[in-house]
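Coordinates as given in upload.txt (compact mmCIF, C-alpha atoms and all ligand atoms):
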# COMPACT_ATOMS: atom_id res chain seq x y z
CA MET A 1 -11.61 12.44 16.21
CA THR A 2 -11.15 12.98 12.48
CA ASP A 3 -8.87 10.77 10.38
CA ALA A 4 -6.66 13.79 9.71
CA PHE A 5 -6.16 14.38 13.45
CA VAL A 6 -5.49 10.71 14.22
CA PHE A 7 -3.01 10.54 11.34
CA LEU A 8 -1.19 13.70 12.41
CA ARG A 9 -0.98 12.43 16.00
CA GLU A 10 0.59 9.17 14.77
CA PHE A 11 2.99 11.17 12.58
CA VAL A 12 4.13 13.23 15.59
CA ARG A 13 4.64 10.04 17.60
CA ASP A 14 6.59 8.20 14.91
CA PRO A 15 7.34 10.30 11.79
CA ASN A 16 9.73 7.78 10.26
CA ARG A 17 7.17 5.03 10.22
CA ILE A 18 4.17 7.11 9.08
CA GLY A 19 5.99 9.10 6.40
CA ALA A 20 3.28 11.68 5.61
CA VAL A 21 1.47 14.38 7.59
CA ALA A 22 -2.01 13.69 6.20
CA PRO A 23 -3.92 10.69 4.91
CA SER A 24 -4.36 10.27 1.17
CA GLY A 25 -7.41 11.91 -0.38
CA LYS A 26 -10.34 10.38 -2.24
CA GLN A 27 -8.99 11.16 -5.70
CA LEU A 28 -5.75 9.32 -5.05
CA ALA A 29 -7.68 6.42 -3.49
CA ALA A 30 -9.80 6.20 -6.64
CA ARG A 31 -6.65 6.38 -8.81
CA MET A 32 -5.12 3.53 -6.80
CA CYS A 33 -8.20 1.34 -7.33
CA GLU A 34 -8.39 2.08 -11.09
CA SER A 35 -4.65 1.47 -11.46
CA ALA A 36 -4.89 -1.84 -9.61
CA ASP A 37 -7.68 -2.89 -12.03
CA LEU A 38 -9.48 -4.64 -9.18
CA ALA A 39 -12.22 -7.23 -9.70
CA ASP A 40 -14.81 -8.77 -7.38
CA ASP A 41 -13.08 -12.14 -7.40
CA HIS A 42 -9.60 -10.80 -6.67
CA VAL A 43 -7.72 -11.63 -3.49
CA ILE A 44 -6.37 -8.24 -2.39
CA VAL A 45 -3.71 -7.16 0.10
CA GLU A 46 -3.15 -3.60 1.26
CA LEU A 47 0.16 -2.55 2.83
CA GLY A 48 0.30 0.38 5.26
CA ALA A 49 -3.45 1.04 5.53
CA GLY A 50 -3.10 3.98 7.96
CA THR A 51 -6.51 5.53 8.64
CA GLY A 52 -7.92 3.56 5.70
CA PRO A 53 -8.54 5.82 2.68
CA PHE A 54 -7.53 3.05 0.26
CA THR A 55 -9.18 0.32 2.38
CA ARG A 56 -12.50 2.17 2.24
CA ALA A 57 -12.22 2.82 -1.50
CA ILE A 58 -11.48 -0.86 -2.18
CA ARG A 59 -14.37 -2.00 0.04
CA GLU A 60 -16.85 0.42 -1.59
CA ARG A 61 -16.00 -0.93 -5.04
CA HIS A 62 -15.56 -4.61 -4.16
CA PRO A 63 -17.51 -5.38 -0.97
CA HIS A 64 -16.96 -9.14 -1.15
CA ALA A 65 -13.35 -9.47 -2.31
CA PRO A 66 -11.11 -11.04 0.37
CA LEU A 67 -9.06 -8.12 1.72
CA LEU A 68 -6.08 -8.27 4.09
CA ALA A 69 -4.86 -4.88 5.38
CA LEU A 70 -1.48 -4.58 7.12
CA GLU A 71 -1.03 -1.71 9.55
CA PRO A 72 1.65 -2.02 12.25
CA LYS A 73 0.38 0.92 14.33
CA GLU A 74 -1.87 -0.55 17.02
CA ASP A 75 -4.21 2.47 17.34
CA LEU A 76 -4.71 2.78 13.58
CA ALA A 77 -5.30 -0.96 13.18
CA ALA A 78 -7.89 -0.90 16.00
CA LEU A 79 -9.83 1.96 14.36
CA LEU A 80 -9.83 0.16 11.01
CA ARG A 81 -11.09 -3.08 12.58
CA GLU A 82 -13.92 -1.19 14.26
CA GLU A 83 -14.99 0.60 11.06
CA LEU A 84 -14.47 -2.29 8.61
CA PRO A 85 -15.06 -5.53 10.51
CA ASP A 86 -15.07 -7.65 7.35
CA VAL A 87 -11.52 -6.59 6.45
CA GLU A 88 -8.75 -8.77 7.90
CA VAL A 89 -6.62 -6.13 9.64
CA VAL A 90 -3.26 -7.35 10.94
CA GLU A 91 -0.68 -5.37 12.93
CA ALA A 92 2.31 -6.49 10.93
CA PHE A 93 5.00 -5.43 8.48
CA ALA A 94 5.01 -5.86 4.73
CA GLN A 95 8.23 -7.86 4.95
CA GLU A 96 6.23 -10.67 6.64
CA LEU A 97 3.77 -10.92 3.76
CA PRO A 98 4.38 -14.55 2.64
CA ARG A 99 3.78 -15.93 6.14
CA LEU A 100 0.80 -13.62 6.77
CA CYS A 101 -0.86 -14.54 3.46
CA ALA A 102 -0.36 -18.25 4.16
CA GLU A 103 -1.90 -17.86 7.64
CA TRP A 104 -4.80 -15.92 6.11
CA GLY A 105 -5.47 -18.87 3.78
CA HIS A 106 -4.45 -17.10 0.54
CA PRO A 107 -0.75 -17.79 -0.05
CA VAL A 108 -1.12 -16.37 -3.58
CA VAL A 109 -2.87 -13.03 -4.15
CA ASP A 110 -4.06 -11.08 -7.21
CA ARG A 111 -3.41 -7.51 -6.17
CA VAL A 112 -1.16 -5.70 -3.70
CA VAL A 113 -2.02 -2.05 -3.02
CA SER A 114 0.63 -0.11 -1.14
CA GLY A 115 0.57 3.06 0.91
CA LEU A 116 4.04 2.43 2.31
CA PRO A 117 6.61 5.20 2.92
CA TRP A 118 9.25 3.48 0.75
CA THR A 119 11.63 6.37 0.39
CA LEU A 120 12.15 6.68 4.15
CA TRP A 121 13.61 3.21 4.25
CA PRO A 122 17.16 1.99 3.73
CA PRO A 123 17.62 -0.04 0.53
CA GLU A 124 17.69 -3.42 2.30
CA VAL A 125 14.27 -2.79 3.90
CA GLN A 126 12.82 -1.66 0.54
CA ARG A 127 14.19 -4.78 -1.10
CA ALA A 128 12.87 -7.13 1.59
CA ALA A 129 9.36 -5.68 1.30
CA LEU A 130 9.39 -5.75 -2.52
CA ASP A 131 10.68 -9.32 -2.55
CA ALA A 132 7.83 -10.27 -0.22
CA VAL A 133 5.31 -8.65 -2.59
CA VAL A 134 6.66 -10.50 -5.63
CA GLU A 135 6.68 -13.78 -3.70
CA VAL A 136 2.93 -13.66 -2.95
CA LEU A 137 1.72 -12.21 -6.28
CA SER A 138 0.20 -14.53 -8.87
CA PRO A 139 1.98 -14.52 -12.28
CA ASP A 140 -0.74 -12.21 -13.67
CA GLY A 141 -0.87 -10.21 -10.45
CA ARG A 142 -0.43 -6.49 -10.14
CA PHE A 143 1.23 -4.23 -7.57
CA VAL A 144 0.42 -0.53 -7.20
CA THR A 145 2.14 2.07 -5.04
CA PHE A 146 1.92 5.85 -5.03
CA ASN A 147 4.56 8.55 -5.07
CA TYR A 148 4.24 12.29 -4.63
CA LEU A 149 4.80 14.28 -7.82
CA GLY A 150 8.23 15.91 -7.76
CA ALA A 151 9.42 13.76 -4.86
CA HIS A 152 9.70 10.93 -7.39
CA LEU A 153 12.76 12.67 -8.86
CA MET A 154 14.70 12.49 -5.60
CA PRO A 155 17.53 9.91 -5.47
CA LYS A 156 15.78 7.57 -3.02
CA ALA A 157 12.60 7.56 -5.11
CA GLN A 158 14.66 6.89 -8.26
CA ALA A 159 16.29 3.99 -6.45
CA LEU A 160 12.82 2.61 -5.67
CA ARG A 161 11.91 2.96 -9.37
CA GLY A 162 14.99 0.87 -10.19
CA GLU A 163 14.03 -1.79 -7.64
CA LEU A 164 10.55 -1.97 -9.22
CA ALA A 165 12.05 -2.41 -12.70
CA GLU A 166 14.20 -5.28 -11.41
CA ARG A 167 11.15 -7.13 -10.13
CA PHE A 168 8.43 -6.37 -12.71
CA GLY A 169 8.39 -6.72 -16.49
CA ARG A 170 6.16 -3.64 -16.80
CA VAL A 171 6.21 -0.50 -14.65
CA GLU A 172 3.89 2.32 -15.74
CA MET A 173 2.84 5.64 -14.23
CA SER A 174 -0.81 6.63 -13.83
CA SER A 175 -2.04 10.14 -14.51
CA THR A 176 -1.60 12.53 -11.60
CA ALA A 177 -4.17 12.89 -8.83
CA TRP A 178 -3.90 16.70 -8.73
CA LEU A 179 -6.45 17.11 -5.94
CA ASN A 180 -4.38 15.06 -3.55
CA VAL A 181 -2.24 17.00 -1.06
CA PRO A 182 0.44 16.83 -2.29
CA PRO A 183 -0.41 15.72 -5.86
CA ALA A 184 0.56 12.11 -6.44
CA PHE A 185 0.60 9.39 -9.09
CA VAL A 186 0.63 5.61 -9.01
CA TYR A 187 3.28 3.17 -10.19
CA ILE A 188 1.46 0.28 -11.86
CA CYS A 189 3.65 -2.84 -11.74
CA SER A 190 2.74 -6.04 -13.57
CA GLU A 191 4.46 -9.17 -14.90
CA PRO A 192 6.19 -10.01 -11.60
CA LYS A 193 9.54 -11.73 -12.17
CA LYS A 194 9.09 -14.87 -10.12
CA GLY A 195 12.06 -16.94 -8.95
C1 LIG A 201 2.21 7.31 4.33
S1 LIG A 201 1.20 6.37 5.48
C2 LIG A 201 -0.11 5.94 4.34
C3 LIG A 201 -1.39 5.55 4.99
C4 LIG A 201 -2.58 5.38 4.03
N1 LIG A 201 -2.37 4.29 3.11
C5 LIG A 201 -2.77 6.65 3.24
O1 LIG A 201 -2.45 6.66 2.04
O2 LIG A 201 -3.24 7.64 3.85
C6 LIG A 201 2.15 4.87 5.65
C7 LIG A 201 1.53 3.81 6.56
O3 LIG A 201 2.37 2.63 6.45
C8 LIG A 201 2.52 2.05 7.74
N2 LIG A 201 3.78 1.29 7.71
C9 LIG A 201 5.04 1.75 7.94
N3 LIG A 201 5.95 0.78 7.78
C10 LIG A 201 5.25 -0.34 7.42
C11 LIG A 201 5.63 -1.67 7.06
N4 LIG A 201 6.90 -2.05 7.07
N5 LIG A 201 4.65 -2.55 6.73
C12 LIG A 201 3.35 -2.17 6.72
N6 LIG A 201 2.93 -0.91 7.03
C13 LIG A 201 3.87 -0.01 7.37
C14 LIG A 201 2.53 3.23 8.69
O4 LIG A 201 2.18 2.85 10.01
C15 LIG A 201 1.50 4.16 8.03
O5 LIG A 201 0.21 3.98 8.54

Please rewrite the model in this file as structure tokens.
Amino acid sequence: MTDAFVFLREFVRDPNRIGAVAPSGKQLAARMCESADLADDHVIVELGAGTGPFTRAIRERHPHAPLLALEPKEDLAALLREELPDVEVVEAFAQELPRLCAEWGHPVVDRVVSGLPWTLWPPEVQRAALDAVVEVLSPDGRFVTFNYLGAHLMPKAQALRGELAERFGRVEMSSTAWLNVPPAFVYICSEPKKG
């Protein structure tokens, strides 16, 4: 079964949790890694790994960096574990991040890479997940999350942009990954506002 088929099947089963009809492409995965400014000695967390396009891109570039991937869908998590046995794959939600990172042995992390469907969520769920991200990030940590071009102008996406600005001193946009379907860009969030 191809990743695209598995992803579409999961979307049909639970569209509100998956939030897209196809996995992200290689260009967007590369843009996510560049935007996160990853290094070999970084402790990295990925939220909403899906079929793993970002997980694979991170692993190819930084084979030895500790990497925790959250994916609540059992079937997707199982496939990821099989393909990438050295990635810590956990069937859990981003909102649980502080406890999960502590259990993993890295209560503070350097980078959080997100593939989450933020704009499908009510504001309180968005806030809980973003608060969890800020809680685990080191003071010089960075958070990256993508948005589809055009969709970022919709009210819910604008609200997310506001939530990011409340929690990070700097929020920048990457250049667009035009080859992605649909084209997308990355929000690059640094200077987390701790406590
Ligand atoms: C839009 S898909 C992105 C998958 C992959 N990162 C990609 O770009 O192709 C969103 C993924 O987030 C997962 N997800 C949904 N809610 C989540 C949550 N609260 N915490 C962690 N993952 C979640 C879904 O199961 C789904 O696999």

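Closest approach to ligand LIG 201 (chain A) among A:Pro66, A:Asp86, A:Leu116, A:Val45 is made by A:Leu116 (distances from only C-alpha atoms and all ligand atoms).
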
Taking only residues of chain A that have an atom at most 6 Å from an atom of ligand LIG 201 (chain A), what is each one's shortest atom pair and its distance in Å to one decimal, using all atoms listed in the file, in chain and number order, as CSV?
residue,atom,partner,partner_atom,distance
A:Arg17,CA,A:LIG201,C9,4.5
A:Ile18,CA,A:LIG201,C15,4.1
A:Gly19,CA,A:LIG201,C1,4.7
A:Ala20,CA,A:LIG201,C1,4.7
A:Pro23,CA,A:LIG201,O2,3.3
A:Ser24,CA,A:LIG201,O2,3.9
A:Leu47,CA,A:LIG201,C12,5.0
A:Gly48,CA,A:LIG201,O3,3.3
A:Ala49,CA,A:LIG201,N1,4.2
A:Gly50,CA,A:LIG201,O5,3.4
A:Gly52,CA,A:LIG201,C4,5.9
A:Pro53,CA,A:LIG201,O2,5.7
A:Leu70,CA,A:LIG201,C12,5.4
A:Glu71,CA,A:LIG201,N6,4.8
A:Pro72,CA,A:LIG201,O4,5.4
A:Lys73,CA,A:LIG201,O4,5.1
A:Phe93,CA,A:LIG201,N5,3.4
A:Ala94,CA,A:LIG201,N5,3.9
A:Gly115,CA,A:LIG201,N1,3.9
A:Leu116,CA,A:LIG201,O3,4.5
A:Pro117,CA,A:LIG201,C1,5.1

Just to be explicit: take each residue in the selection above, keep C-alpha atoms, and write the result as a PDB file, in the frame of the given file.
ATOM      1  CA  ARG A  17       7.170   5.030  10.220  1.00  0.00           C
ATOM      2  CA  ILE A  18       4.170   7.110   9.080  1.00  0.00           C
ATOM      3  CA  GLY A  19       5.990   9.100   6.400  1.00  0.00           C
ATOM      4  CA  ALA A  20       3.280  11.680   5.610  1.00  0.00           C
ATOM      5  CA  PRO A  23      -3.920  10.690   4.910  1.00  0.00           C
ATOM      6  CA  SER A  24      -4.360  10.270   1.170  1.00  0.00           C
ATOM      7  CA  LEU A  47       0.160  -2.550   2.830  1.00  0.00           C
ATOM      8  CA  GLY A  48       0.300   0.380   5.260  1.00  0.00           C
ATOM      9  CA  ALA A  49      -3.450   1.040   5.530  1.00  0.00           C
ATOM     10  CA  GLY A  50      -3.100   3.980   7.960  1.00  0.00           C
ATOM     11  CA  GLY A  52      -7.920   3.560   5.700  1.00  0.00           C
ATOM     12  CA  PRO A  53      -8.540   5.820   2.680  1.00  0.00           C
ATOM     13  CA  LEU A  70      -1.480  -4.580   7.120  1.00  0.00           C
ATOM     14  CA  GLU A  71      -1.030  -1.710   9.550  1.00  0.00           C
ATOM     15  CA  PRO A  72       1.650  -2.020  12.250  1.00  0.00           C
ATOM     16  CA  LYS A  73       0.380   0.920  14.330  1.00  0.00           C
ATOM     17  CA  PHE A  93       5.000  -5.430   8.480  1.00  0.00           C
ATOM     18  CA  ALA A  94       5.010  -5.860   4.730  1.00  0.00           C
ATOM     19  CA  GLY A 115       0.570   3.060   0.910  1.00  0.00           C
ATOM     20  CA  LEU A 116       4.040   2.430   2.310  1.00  0.00           C
ATOM     21  CA  PRO A 117       6.610   5.200   2.920  1.00  0.00           C
TER      22      PRO A 117
END

### Task
Within 7 Å of Pro192 in chain A, counting all atoms listed in the file, which residues show up once you throw out same-chain ones fewer than 3 positions away? Write them as an NGL selection string, please.
:A and (134 or 139 or 167-169)

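Comparing the minimum interatomic distances between Lys156 in chain A and each of A:Pro182, A:Pro122, A:Lys26, A:Asp140, counting all atoms listed in the file, we find that A:Pro122 sits nearest.
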
Excluding Ala65 in chain A and residues on its chain fewer than 2 positions from it, collect all residues at most 12 Å away from it, counting all atoms listed in the file, and give them as a PDB file with C-alpha atoms, in the coordinates of the input.
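That gives us out06.pdb:
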ATOM      1  CA  LEU A  38      -9.480  -4.640  -9.180  1.00  0.00           C
ATOM      2  CA  ALA A  39     -12.220  -7.230  -9.700  1.00  0.00           C
ATOM      3  CA  ASP A  40     -14.810  -8.770  -7.380  1.00  0.00           C
ATOM      4  CA  ASP A  41     -13.080 -12.140  -7.400  1.00  0.00           C
ATOM      5  CA  HIS A  42      -9.600 -10.800  -6.670  1.00  0.00           C
ATOM      6  CA  VAL A  43      -7.720 -11.630  -3.490  1.00  0.00           C
ATOM      7  CA  ILE A  44      -6.370  -8.240  -2.390  1.00  0.00           C
ATOM      8  CA  VAL A  45      -3.710  -7.160   0.100  1.00  0.00           C
ATOM      9  CA  THR A  55      -9.180   0.320   2.380  1.00  0.00           C
ATOM     10  CA  ILE A  58     -11.480  -0.860  -2.180  1.00  0.00           C
ATOM     11  CA  ARG A  59     -14.370  -2.000   0.040  1.00  0.00           C
ATOM     12  CA  GLU A  60     -16.850   0.420  -1.590  1.00  0.00           C
ATOM     13  CA  ARG A  61     -16.000  -0.930  -5.040  1.00  0.00           C
ATOM     14  CA  HIS A  62     -15.560  -4.610  -4.160  1.00  0.00           C
ATOM     15  CA  PRO A  63     -17.510  -5.380  -0.970  1.00  0.00           C
ATOM     16  CA  LEU A  67      -9.060  -8.120   1.720  1.00  0.00           C
ATOM     17  CA  LEU A  68      -6.080  -8.270   4.090  1.00  0.00           C
ATOM     18  CA  ASP A  86     -15.070  -7.650   7.350  1.00  0.00           C
ATOM     19  CA  VAL A  87     -11.520  -6.590   6.450  1.00  0.00           C
ATOM     20  CA  GLU A  88      -8.750  -8.770   7.900  1.00  0.00           C
ATOM     21  CA  VAL A 109      -2.870 -13.030  -4.150  1.00  0.00           C
ATOM     22  CA  ASP A 110      -4.060 -11.080  -7.210  1.00  0.00           C
ATOM     23  CA  ARG A 111      -3.410  -7.510  -6.170  1.00  0.00           C
TER      24      ARG A 111
END

### Message
Is it possible to get the residues within 12 Å of (8.2, -8.0, 7.6) (coordinates as in the file, counting all atoms listed in the file) written as a ChimeraX atom specification?
### Response
/A:47-48,70-72,90-101,124-133

### Task
Would you mind telling me which residue in A:Trp121, A:Val108, A:Ala157, A:Leu149 lies nearest to Glu135 in chain A when using all atoms listed in the file?
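That would be A:Val108, the residue with the smallest distance to Glu135 in chain A.
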
### Message
Would you pick out the contacts of Val144 in chain A at 6 Å or less, using all atoms listed in the file, so that residues sharing its chain but fewer than 2 positions from it are not included, and give the list as a VMD selection string?
### Response
chain A and resid 36 113 187 to 188

### Task
Take CA of Pro183 in chain A and CA of Asp75 in chain A and report the distance between them in Å, one decimal.
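Spanning CA of Pro183 in chain A to CA of Asp75 in chain A is a straight-line distance of 27.0 Å.
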
### Query
What gap, in Å, lies between CA of Cys189 in chain A and CA of Ser175 in chain A?
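Separating CA of Cys189 in chain A from CA of Ser175 in chain A is a distance of 14.4 Å.
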